[in-house]
$ cat data-v8.cif   # mmCIF, C-alpha atoms
data_upload
#
loop_
_atom_site.label_atom_id
_atom_site.label_comp_id
_atom_site.auth_asym_id
_atom_site.auth_seq_id
_atom_site.Cartn_x
_atom_site.Cartn_y
_atom_site.Cartn_z
CA MET B 1 39.79 9.30 -32.78
CA ASN B 2 42.49 9.58 -30.12
CA ARG B 3 41.28 8.68 -26.60
CA GLU B 4 43.82 10.85 -24.75
CA GLU B 5 43.03 13.88 -26.91
CA LEU B 6 39.31 13.40 -26.35
CA ILE B 7 39.73 13.25 -22.57
CA LYS B 8 41.61 16.57 -22.63
CA ILE B 9 38.92 18.14 -24.78
CA LEU B 10 36.01 16.90 -22.66
CA HIS B 11 37.69 18.15 -19.48
CA ALA B 12 38.41 21.55 -21.11
CA THR B 13 42.11 21.43 -20.25
CA GLU B 14 43.06 22.71 -23.73
CA THR B 15 42.65 26.33 -24.86
CA PRO B 16 39.21 27.27 -26.27
CA ASP B 17 40.49 27.70 -29.83
CA LYS B 18 42.13 24.25 -29.77
CA ILE B 19 38.95 22.71 -28.35
CA ALA B 20 36.82 24.36 -31.06
CA LYS B 21 39.12 23.18 -33.86
CA TRP B 22 39.24 19.62 -32.52
CA LEU B 23 35.48 19.42 -32.15
CA ARG B 24 35.05 20.92 -35.63
CA GLU B 25 37.65 18.83 -37.45
CA GLN B 26 37.57 15.48 -35.64
CA TYR B 27 34.72 14.91 -33.21
CA PHE B 28 31.63 16.27 -34.95
CA PRO B 29 32.56 14.90 -38.41
CA GLU B 30 32.45 11.43 -36.82
CA ILE B 31 29.11 12.19 -35.17
CA MET B 32 27.75 13.54 -38.46
CA ASN B 33 28.84 10.39 -40.33
CA ARG B 34 27.04 8.22 -37.81
CA TYR B 35 23.94 10.39 -37.81
CA ASN B 36 23.79 10.24 -41.63
CA SER B 37 23.94 6.45 -41.67
CA GLU B 38 20.75 4.72 -42.75
CA ALA B 39 20.52 2.95 -39.39
CA SER B 40 20.17 6.35 -37.72
CA ARG B 41 18.16 8.26 -40.33
CA LYS B 42 15.45 5.59 -40.59
CA ARG B 43 14.13 6.75 -37.23
CA PHE B 44 13.33 10.19 -38.69
CA GLY B 45 12.13 9.20 -42.17
CA LEU B 46 8.91 9.93 -44.01
CA TYR B 47 7.41 6.70 -45.42
CA ARG B 48 4.75 5.82 -47.99
CA ASN B 49 3.89 9.34 -49.09
CA GLU B 50 3.74 10.79 -45.58
CA GLN B 51 3.77 14.57 -45.79
CA ILE B 52 4.90 17.37 -43.53
CA PRO B 53 2.82 20.58 -43.37
CA SER B 54 3.48 23.21 -46.01
CA ASN B 55 1.90 26.21 -44.24
CA GLU B 56 4.41 28.43 -42.48
CA ARG B 57 3.09 28.05 -38.91
CA ASN B 58 3.10 24.25 -38.85
CA LEU B 59 6.28 24.06 -40.90
CA THR B 60 7.99 26.09 -38.15
CA ASP B 61 6.71 23.52 -35.63
CA VAL B 62 8.28 20.73 -37.70
CA ARG B 63 11.63 22.56 -37.78
CA THR B 64 11.49 23.10 -34.01
CA ARG B 65 10.72 19.42 -33.51
CA MET B 66 13.59 18.39 -35.78
CA GLY B 67 15.94 20.64 -33.82
CA VAL B 68 15.08 18.83 -30.60
CA LEU B 69 15.41 15.39 -32.23
CA ILE B 70 18.81 16.24 -33.74
CA GLU B 71 19.99 17.50 -30.36
CA PHE B 72 18.94 14.22 -28.70
CA GLU B 73 20.56 12.18 -31.46
CA LEU B 74 23.89 13.99 -31.13
CA ALA B 75 23.91 13.14 -27.42
CA ARG B 76 22.89 9.51 -28.06
CA ILE B 77 25.63 8.99 -30.64
CA SER B 78 28.19 10.65 -28.37
CA ASN B 79 27.24 8.34 -25.53
CA GLU B 80 27.90 5.42 -27.92
CA ILE B 81 31.34 6.74 -28.89
CA LEU B 82 32.70 7.26 -25.37
CA PRO B 83 32.49 3.59 -24.21
CA GLU B 84 33.96 2.49 -27.56
CA LEU B 85 37.07 4.50 -26.60
CA GLY B 86 37.16 3.07 -23.08
CA ILE B 87 35.77 6.24 -21.47
CA ASP B 88 33.16 5.09 -18.96
CA ASP B 89 33.30 7.83 -16.32
CA VAL B 90 32.00 10.64 -18.59
CA PHE B 91 28.62 11.05 -20.30
CA TRP B 92 26.53 13.58 -22.24
CA SER B 93 23.52 14.83 -20.26
CA TYR B 94 20.45 16.90 -21.15
CA VAL B 95 19.67 20.26 -19.55
CA VAL B 96 15.95 19.97 -18.79
CA ALA B 97 15.44 23.52 -17.48
CA ASN B 98 15.08 24.94 -21.05
CA ARG B 99 17.94 27.39 -20.62
CA PHE B 100 21.50 27.77 -21.90
CA PRO B 101 23.09 25.32 -22.65
CA ASP B 102 21.23 22.35 -24.17
CA LEU B 103 23.75 19.62 -23.36
CA GLU B 104 26.37 19.19 -20.65
CA ILE B 105 29.18 16.68 -20.48
CA ARG B 106 29.52 15.36 -16.94
CA GLU B 107 31.57 12.97 -14.91
CA ASN B 108 29.67 10.21 -13.10
CA ASN B 109 29.95 12.19 -9.87
CA GLY B 110 28.04 15.07 -11.53
CA ASN B 111 30.95 17.45 -12.17
CA ARG B 112 30.34 19.54 -15.30
CA LEU B 113 32.93 19.52 -18.08
CA LEU B 114 32.11 20.96 -21.54
CA ARG B 115 28.75 22.64 -22.14
CA LEU B 116 27.14 22.78 -25.60
CA GLU B 117 24.33 24.93 -26.97
CA ILE B 118 22.81 23.23 -30.05
CA LYS B 119 21.21 25.26 -32.86
CA CYS B 120 19.62 23.58 -35.87
CA LEU B 121 18.95 25.35 -39.18
CA GLN B 122 17.14 23.87 -42.17
CA CYS B 123 19.05 24.64 -45.36
CA VAL B 124 16.03 25.79 -47.38
CA ALA B 125 14.38 27.89 -44.66
CA GLU B 126 13.74 31.36 -46.04
CA GLU B 127 14.45 32.92 -42.63
CA LYS B 128 17.05 30.96 -40.68
CA SER B 129 15.89 32.48 -37.44
CA ALA B 130 17.60 30.66 -34.57
CA ASN B 131 18.75 33.05 -31.85
CA PHE B 132 21.82 33.05 -29.63
CA ASP B 133 20.75 35.59 -27.02
CA THR B 134 22.38 34.26 -23.83
CA LEU B 135 23.98 37.17 -22.01
CA ILE B 136 27.75 37.07 -21.82
CA LYS B 137 27.65 37.01 -18.00
CA ASP B 138 25.98 33.57 -18.19
CA ILE B 139 28.65 32.06 -20.47
CA ASN B 140 31.72 30.25 -19.15
CA PRO B 141 34.66 31.25 -21.39
CA ASN B 142 36.49 27.98 -20.66
CA THR B 143 33.79 25.36 -21.22
CA ASP B 144 30.95 26.71 -23.37
CA PHE B 145 30.49 26.20 -27.13
CA VAL B 146 27.74 26.81 -29.67
CA ILE B 147 27.12 24.00 -32.17
CA VAL B 148 25.12 24.81 -35.32
CA CYS B 149 23.73 21.88 -37.31
CA LEU B 150 22.73 22.53 -40.92
CA TRP B 151 20.18 19.95 -42.06
CA ASP B 152 17.55 19.24 -44.69
CA TRP B 153 15.35 16.51 -46.09
CA ASP B 154 17.14 14.19 -48.49
CA ASN B 155 15.93 11.04 -50.27
CA ARG B 156 19.24 9.49 -51.27
CA GLY B 157 20.79 6.35 -49.78
CA ASN B 158 17.64 4.51 -48.67
CA ASN B 159 18.74 0.93 -49.36
CA ILE B 160 17.91 -0.59 -45.97
CA CYS B 161 14.58 1.13 -45.25
CA GLN B 162 12.51 2.44 -48.12
CA TRP B 163 11.80 5.93 -46.87
CA ASP B 164 10.61 8.66 -49.20
CA SER B 165 12.76 11.25 -47.44
CA ALA B 166 14.81 11.53 -44.25
CA PRO B 167 16.69 14.42 -42.63
CA LYS B 168 20.40 14.62 -43.34
CA LEU B 169 23.11 16.71 -41.67
CA PHE B 170 25.05 18.72 -44.25
CA LYS B 171 27.48 20.56 -41.97
CA ILE B 172 28.18 21.12 -38.28
CA TYR B 173 29.75 24.43 -37.22
CA VAL B 174 31.53 24.94 -33.89
CA PHE B 175 31.90 28.32 -32.18
CA HIS B 176 33.49 29.32 -28.89
CA ALA B 177 30.40 30.70 -27.14
CA TYR B 178 32.10 33.54 -25.25
CA SER B 179 33.86 34.81 -28.39
CA LEU B 180 30.65 34.57 -30.42
CA ALA B 181 28.89 36.62 -27.74
CA GLN B 182 31.68 39.22 -27.89
CA LEU B 183 31.21 39.58 -31.64
CA ARG B 184 27.44 39.74 -31.23
CA ASP B 185 27.52 42.39 -28.50
CA THR B 186 30.16 44.53 -30.21
CA TYR B 187 28.10 44.61 -33.39
CA TRP B 188 24.73 45.11 -31.68
CA LEU B 189 25.86 47.85 -29.30
CA ASN B 190 27.46 49.79 -32.15
CA LYS B 191 24.42 49.49 -34.45
CA PRO B 192 21.60 51.08 -32.41
CA PRO B 193 18.38 52.28 -34.06
CA ALA B 194 18.16 55.88 -35.22
CA ASN B 195 15.28 56.72 -32.87
CA LEU B 196 17.02 56.12 -29.54
CA GLY B 197 16.11 59.54 -28.26
CA THR B 198 18.01 60.28 -25.03
CA GLY B 199 18.38 56.59 -24.09
CA TYR B 200 20.86 53.81 -24.73
CA GLN B 201 20.81 50.30 -26.09
CA GLY B 202 22.26 47.78 -23.65
CA PHE B 203 21.59 45.07 -21.07
CA ASP B 204 20.15 44.60 -17.61
CA VAL B 205 20.79 41.52 -15.47
CA ARG B 206 18.21 39.44 -17.37
CA TYR B 207 18.13 40.36 -21.06
CA ALA B 208 18.96 42.86 -23.78
CA VAL B 209 17.22 46.24 -23.57
CA ILE B 210 16.35 48.55 -26.46
CA CYS B 211 15.26 52.17 -26.48
CA ALA B 212 12.87 53.95 -28.83
CA ASP B 213 12.09 57.63 -28.44
CA SER B 214 13.66 57.58 -24.96
CA ILE B 215 11.42 54.70 -23.78
CA PHE B 216 13.17 51.49 -22.65
CA SER B 217 11.78 47.99 -23.27
CA LYS B 218 12.86 44.37 -23.49
CA GLU B 219 14.37 43.50 -26.87
CA GLN B 220 11.81 41.41 -28.78
CA GLY B 221 13.69 38.86 -30.85
CA ASN B 222 16.24 40.53 -33.12
CA TYR B 223 19.12 40.46 -30.62
CA GLY B 224 21.31 37.43 -31.29
CA LYS B 225 19.76 36.29 -34.58
CA LEU B 226 22.29 33.70 -35.58
CA THR B 227 22.74 34.85 -39.17
CA ARG B 228 23.18 38.53 -38.20
CA ILE B 229 25.61 38.36 -35.28
CA TRP B 230 28.61 39.86 -37.06
CA LYS B 231 29.57 41.51 -40.32
CA GLU B 232 32.93 41.01 -41.97
CA GLY B 233 35.02 44.19 -41.91
CA PHE B 234 32.94 45.90 -39.18
CA GLU B 235 34.91 48.90 -37.92
CA TYR B 236 34.54 48.16 -34.20
CA ARG B 237 36.16 44.98 -32.88
CA PRO B 238 36.42 43.15 -29.56
CA VAL B 239 39.86 42.44 -28.11
CA GLU B 240 41.46 39.88 -30.40
CA THR B 241 42.38 36.49 -28.95
CA PRO B 242 43.12 33.18 -30.71
CA ALA B 243 39.62 32.00 -29.75
CA LEU B 244 37.95 35.14 -31.09
CA LEU B 245 39.85 35.03 -34.39
CA ASP B 246 38.97 31.36 -34.83
CA THR B 247 35.31 32.10 -34.06
CA GLU B 248 35.20 35.05 -36.45
CA ALA B 249 36.68 33.00 -39.31
CA GLU B 250 34.22 30.15 -38.68
CA TYR B 251 31.30 32.57 -38.48
CA ILE B 252 32.11 34.33 -41.76
CA LYS B 253 32.37 30.95 -43.48
CA PHE B 254 29.09 29.88 -41.86
CA GLN B 255 27.25 32.98 -43.14
CA LYS B 256 28.29 32.30 -46.73
CA GLU B 257 27.86 28.53 -46.77
CA ILE B 258 24.37 28.24 -45.28
CA ILE B 259 22.82 30.41 -48.01
CA LYS B 260 24.57 28.50 -50.79
CA ALA B 261 23.56 25.14 -49.30
CA GLY B 262 19.88 26.04 -49.34
CA PHE B 263 20.07 27.43 -52.86
CA GLU B 264 21.74 24.27 -54.17
CA ILE B 265 19.11 22.01 -52.60
CA LEU B 266 16.20 24.10 -53.87
CA ALA B 267 17.61 24.54 -57.37
CA LYS B 268 18.45 20.88 -57.89
CA LYS B 269 15.16 19.67 -56.43
CA GLN B 270 13.07 21.96 -58.61
CA LEU B 271 15.15 21.27 -61.72
CA SER B 272 14.60 17.53 -61.21
CA GLU B 273 10.83 18.18 -61.04
CA LEU B 274 10.86 20.36 -64.15
CA CYS B 275 13.25 18.43 -66.39
CA LYS B 276 14.54 14.87 -66.75
CA GLU B 277 17.87 15.92 -68.22
CA GLU B 278 21.14 15.87 -66.29
CA ILE B 279 21.83 18.82 -64.01
CA SER B 280 24.86 20.93 -64.93
CA TYR B 281 26.18 24.43 -64.15
CA VAL B 282 25.10 27.86 -65.31
CA VAL B 283 28.30 29.67 -66.31
CA TYR B 284 28.85 33.42 -66.55
CA GLY B 285 32.11 35.33 -66.75
CA GLY B 286 34.03 32.06 -66.53
CA GLN B 287 32.43 31.22 -63.15
CA ASP B 288 29.84 28.63 -62.11
CA ILE B 289 26.98 30.77 -60.80
CA GLY B 290 24.07 28.31 -60.64
CA TYR B 291 22.52 25.12 -61.96
CA SER B 292 20.62 24.14 -65.09
CA ALA B 293 18.84 21.20 -66.66
CA GLY B 294 17.74 21.30 -70.26
CA ASN B 295 16.79 24.89 -71.02
CA ILE B 296 15.95 25.91 -67.41
CA GLY B 297 18.48 27.58 -65.12
CA TYR B 298 18.70 28.80 -61.52
CA VAL B 299 21.10 31.44 -60.18
CA MET B 300 21.34 33.12 -56.78
CA GLU B 301 21.70 36.77 -57.68
CA THR B 302 19.50 39.85 -57.95
CA MET B 303 20.01 41.35 -61.41
CA ARG B 304 18.68 43.63 -64.13
CA LYS B 305 16.71 42.14 -67.01
CA SER B 306 19.57 42.90 -69.38
CA LYS B 307 21.96 40.71 -67.37
CA ALA B 308 19.35 37.97 -67.03
CA GLN B 309 18.96 37.99 -70.82
CA GLU B 310 22.73 37.80 -71.28
CA ILE B 311 23.03 34.83 -68.90
CA ALA B 312 20.10 33.07 -70.56
CA LEU B 313 21.53 33.56 -74.05
CA GLN B 314 25.04 32.41 -73.11
CA ASN B 315 23.67 29.25 -71.49
CA ARG B 316 20.88 28.63 -74.04
CA LEU B 317 18.19 28.89 -71.38
CA PHE B 318 14.49 29.42 -72.06
CA ILE B 319 13.64 29.94 -68.36
CA LEU B 320 15.93 31.61 -65.81
CA VAL B 321 15.10 31.75 -62.09
CA SER B 322 16.96 34.37 -60.06
CA MET B 323 16.85 33.82 -56.26
CA THR B 324 17.66 36.19 -53.40
CA GLU B 325 19.42 35.14 -50.19
CA LYS B 326 15.97 34.40 -48.74
CA TYR B 327 15.15 32.35 -51.88
CA ARG B 328 12.52 34.75 -53.17
CA SER B 329 12.46 34.23 -56.93
CA THR B 330 12.18 36.31 -60.06
CA ILE B 331 11.29 34.13 -63.04
CA TYR B 332 12.40 35.20 -66.54
CA LYS B 333 11.26 33.74 -69.85
CA MET B 334 13.14 34.28 -73.09
CA GLN B 335 11.34 35.62 -76.14
CA ARG B 336 12.75 35.93 -79.64
CA ASP B 337 14.57 39.24 -79.07
CA SER B 338 13.90 40.01 -75.41
CA ILE B 339 13.24 38.53 -72.01
CA ASP B 340 9.98 38.71 -70.04
CA GLU B 341 9.54 38.78 -66.27
CA LEU B 342 6.91 36.11 -65.49
CA ALA B 343 6.88 36.61 -61.70
CA LYS B 344 8.74 38.50 -59.00
CA ASN B 345 9.34 37.93 -55.28
CA GLU B 346 7.76 34.48 -55.40
CA LYS B 347 8.22 31.94 -52.61
CA PRO B 348 10.08 28.75 -53.59
CA LYS B 349 6.95 26.59 -53.31
CA ASN B 350 5.27 28.53 -56.16
CA VAL B 351 8.11 28.50 -58.70
CA VAL B 352 7.58 25.08 -60.30
CA ASN B 353 3.86 25.70 -60.87
CA ILE B 354 4.50 29.10 -62.45
CA ILE B 355 7.08 27.64 -64.85
CA ASN B 356 4.83 24.71 -65.78
CA GLN B 357 1.91 27.04 -66.43
CA SER B 358 4.04 29.25 -68.66
CA GLU B 359 4.93 26.29 -70.86
CA ASN B 360 1.34 25.15 -71.33
#
$ encode --input "data-v8.cif" --output "structure tokens"
Amino acid sequence: MNREELIKILHATETPDKIAKWLREQYFPEIMNRYNSEASRKRFGLYRNEQIPSNERNLTDVRTRMGVLIEFELARISNEILPELGIDDVFWSYVVANRFPDLEIRENNGNRLLRLEIKCLQCVAEEKSANFDTLIKDINPNTDFVIVCLWDWDNRGNNICQWDSAPKLFKIYVFHAYSLAQLRDTYWLNKPPANLGTGYQGFDVRYAVICADSIFSKEQGNYGKLTRIWKEGFEYRPVETPALLDTEAEYIKFQKEIIKAGFEILAKKQLSELCKEEISYVVYGGQDIGYSAGNIGYVMETMRKSKAQEIALQNRLFILVSMTEKYRSTIYKMQRDSIDELAKNEKPKNVVNIINQSEN
């Protein structure tokens, strides 16, 4: 990591698109490598059959807690890196007021440099519901960035400390905050509900405002949902700048990758519970579309029974699990000349039991 480049980045003297690319390609990969080391992950591990809650309410609390811990760890690791590079007049600080952003990079005299909003999403969460709802008036276009950390529990690599499972970072995405807000607002303002009446959808000085049947009210949680900020090919666009184009490209990649990451983790975990054979690919039309072990396969696609039967036959599968983007599952079981639907719209936690029961 180049010290001179880092100083320019931290002081925001480069253009926003160059800062975003440098953070994405050089700085955060180093932070992620250090976070994923066993010396770091042991502080978050589950040991000796410790369990986290499985009910939705408490599971949400665990995810919120992990988000805070990851945020703190990113700052801690960053404050290790800076002195290693001979930078002792700059540090990462926490914003304690519970407002945008989460972290600020400051000089020792208190001057603010870069500002970072940290969002953490668990790969296998059915609803990846983090919100970026800071109004554009409160975002500095020169210094502010949104960092999204994709994480999940993983039990590999525990040679130093014998944990059962510990959280691992799978990817860190970097967005120019002002450009992301432009995409968000352009999409949201041009997709109002059908029942506006005589009103408008917009903003006041504090928050987003919606209208239903001509009655205005504060928007209640859908504005700024991180996975719904923008849609590729949307007909209305903000003014294009290098920063906006970079943000749009990163966001479209982010939308696609986070769903696939969760599917891969769920499929491989459940296949390892169901079958001791090696995990390979489910192939259809010359493409890898999922994972299989033995005669059980997982794909992420909603399909007709006829297609499910075709995929099962081509891959010699007895059980085929078809998952939606929210990981709701339809479970198919092959018969001699047909395919049966064992269950539909099942949550991931129920799938293994249903398959085991069908084989008994």
$ atom_distance --input "data-v8.cif" --atom1 "atom CA of Arg112 of chain B" --atom2 "atom CA of Ala12 of chain B"
10.1 Å
$ resolve_selection --input "data-v8.cif" --expression "the PyMOL selection byres ((chain B and resi 43) around 10)" --output "PyMOL selection string"
chain B and resi 38-42+44-46+161+163+166-167
$ residues_around --input "data-v8.cif" --residues "segment 218-221 of chain B" --least-positions-apart "4" --cutoff "10 Å" --atoms "all atoms listed in the file" --output "number ranges by chain"
B: 129-131, 133, 201-204, 206-211, 225
$ resolve_selection --input "data-v8.cif" --expression "the PyMOL selection byres ((chain B and resi 140) around 10)" --output "PyMOL selection string"
chain B and resi 114-115+136-139+141-145+176-178
$ residues_near_point --input "data-v8.cif" --point "(31.2, 51.1, -29.5)" --cutoff "10 Å" --atoms "only C-alpha atoms" --output "count of residues only"
11
$ decode --input "data-v8.cif" --residues "segment 11-23 of chain B" --atoms "N, CA, C and O atoms" --output "PDB file, in the first residue's frame"
ATOM      1  N   HIS B  11      -7.238  12.566   2.698  1.00  0.00           N
ATOM      2  CA  HIS B  11      -7.493  14.008   2.713  1.00  0.00           C
ATOM      3  C   HIS B  11      -8.470  14.436   1.613  1.00  0.00           C
ATOM      4  O   HIS B  11      -8.753  15.628   1.473  1.00  0.00           O
ATOM      5  N   ALA B  12      -8.986  13.470   0.854  1.00  0.00           N
ATOM      6  CA  ALA B  12      -9.986  13.721  -0.190  1.00  0.00           C
ATOM      7  C   ALA B  12      -9.515  14.750  -1.204  1.00  0.00           C
ATOM      8  O   ALA B  12     -10.293  15.593  -1.656  1.00  0.00           O
ATOM      9  N   THR B  13      -8.242  14.670  -1.588  1.00  0.00           N
ATOM     10  CA  THR B  13      -7.729  15.586  -2.609  1.00  0.00           C
ATOM     11  C   THR B  13      -7.811  14.987  -4.009  1.00  0.00           C
ATOM     12  O   THR B  13      -7.516  15.669  -4.985  1.00  0.00           O
ATOM     13  N   GLU B  14      -8.231  13.709  -4.115  1.00  0.00           N
ATOM     14  CA  GLU B  14      -8.487  13.086  -5.400  1.00  0.00           C
ATOM     15  C   GLU B  14      -9.981  13.224  -5.722  1.00  0.00           C
ATOM     16  O   GLU B  14     -10.797  13.572  -4.861  1.00  0.00           O
ATOM     17  N   THR B  15     -10.364  12.930  -6.961  1.00  0.00           N
ATOM     18  CA  THR B  15     -11.776  12.981  -7.340  1.00  0.00           C
ATOM     19  C   THR B  15     -12.525  11.831  -6.666  1.00  0.00           C
ATOM     20  O   THR B  15     -11.928  10.790  -6.353  1.00  0.00           O
ATOM     21  N   PRO B  16     -13.843  11.977  -6.438  1.00  0.00           N
ATOM     22  CA  PRO B  16     -14.598  10.931  -5.746  1.00  0.00           C
ATOM     23  C   PRO B  16     -14.528   9.562  -6.412  1.00  0.00           C
ATOM     24  O   PRO B  16     -14.460   8.545  -5.713  1.00  0.00           O
ATOM     25  N   ASP B  17     -14.542   9.511  -7.750  1.00  0.00           N
ATOM     26  CA  ASP B  17     -14.483   8.203  -8.406  1.00  0.00           C
ATOM     27  C   ASP B  17     -13.125   7.535  -8.190  1.00  0.00           C
ATOM     28  O   ASP B  17     -13.055   6.322  -7.998  1.00  0.00           O
ATOM     29  N   LYS B  18     -12.046   8.331  -8.175  1.00  0.00           N
ATOM     30  CA  LYS B  18     -10.722   7.758  -7.929  1.00  0.00           C
ATOM     31  C   LYS B  18     -10.596   7.286  -6.484  1.00  0.00           C
ATOM     32  O   LYS B  18      -9.991   6.247  -6.208  1.00  0.00           O
ATOM     33  N   ILE B  19     -11.183   8.049  -5.551  1.00  0.00           N
ATOM     34  CA  ILE B  19     -11.158   7.641  -4.148  1.00  0.00           C
ATOM     35  C   ILE B  19     -11.913   6.324  -3.973  1.00  0.00           C
ATOM     36  O   ILE B  19     -11.436   5.396  -3.316  1.00  0.00           O
ATOM     37  N   ALA B  20     -13.101   6.229  -4.574  1.00  0.00           N
ATOM     38  CA  ALA B  20     -13.911   5.017  -4.451  1.00  0.00           C
ATOM     39  C   ALA B  20     -13.174   3.802  -5.001  1.00  0.00           C
ATOM     40  O   ALA B  20     -13.146   2.734  -4.373  1.00  0.00           O
ATOM     41  N   LYS B  21     -12.557   3.951  -6.170  1.00  0.00           N
ATOM     42  CA  LYS B  21     -11.846   2.827  -6.778  1.00  0.00           C
ATOM     43  C   LYS B  21     -10.643   2.412  -5.938  1.00  0.00           C
ATOM     44  O   LYS B  21     -10.365   1.218  -5.771  1.00  0.00           O
ATOM     45  N   TRP B  22      -9.937   3.380  -5.370  1.00  0.00           N
ATOM     46  CA  TRP B  22      -8.760   3.051  -4.564  1.00  0.00           C
ATOM     47  C   TRP B  22      -9.177   2.344  -3.281  1.00  0.00           C
ATOM     48  O   TRP B  22      -8.562   1.351  -2.879  1.00  0.00           O
ATOM     49  N   LEU B  23     -10.199   2.856  -2.634  1.00  0.00           N
ATOM     50  CA  LEU B  23     -10.704   2.192  -1.428  1.00  0.00           C
ATOM     51  C   LEU B  23     -11.174   0.778  -1.748  1.00  0.00           C
ATOM     52  O   LEU B  23     -10.917  -0.170  -0.998  1.00  0.00           O
TER      53      LEU B  23
END
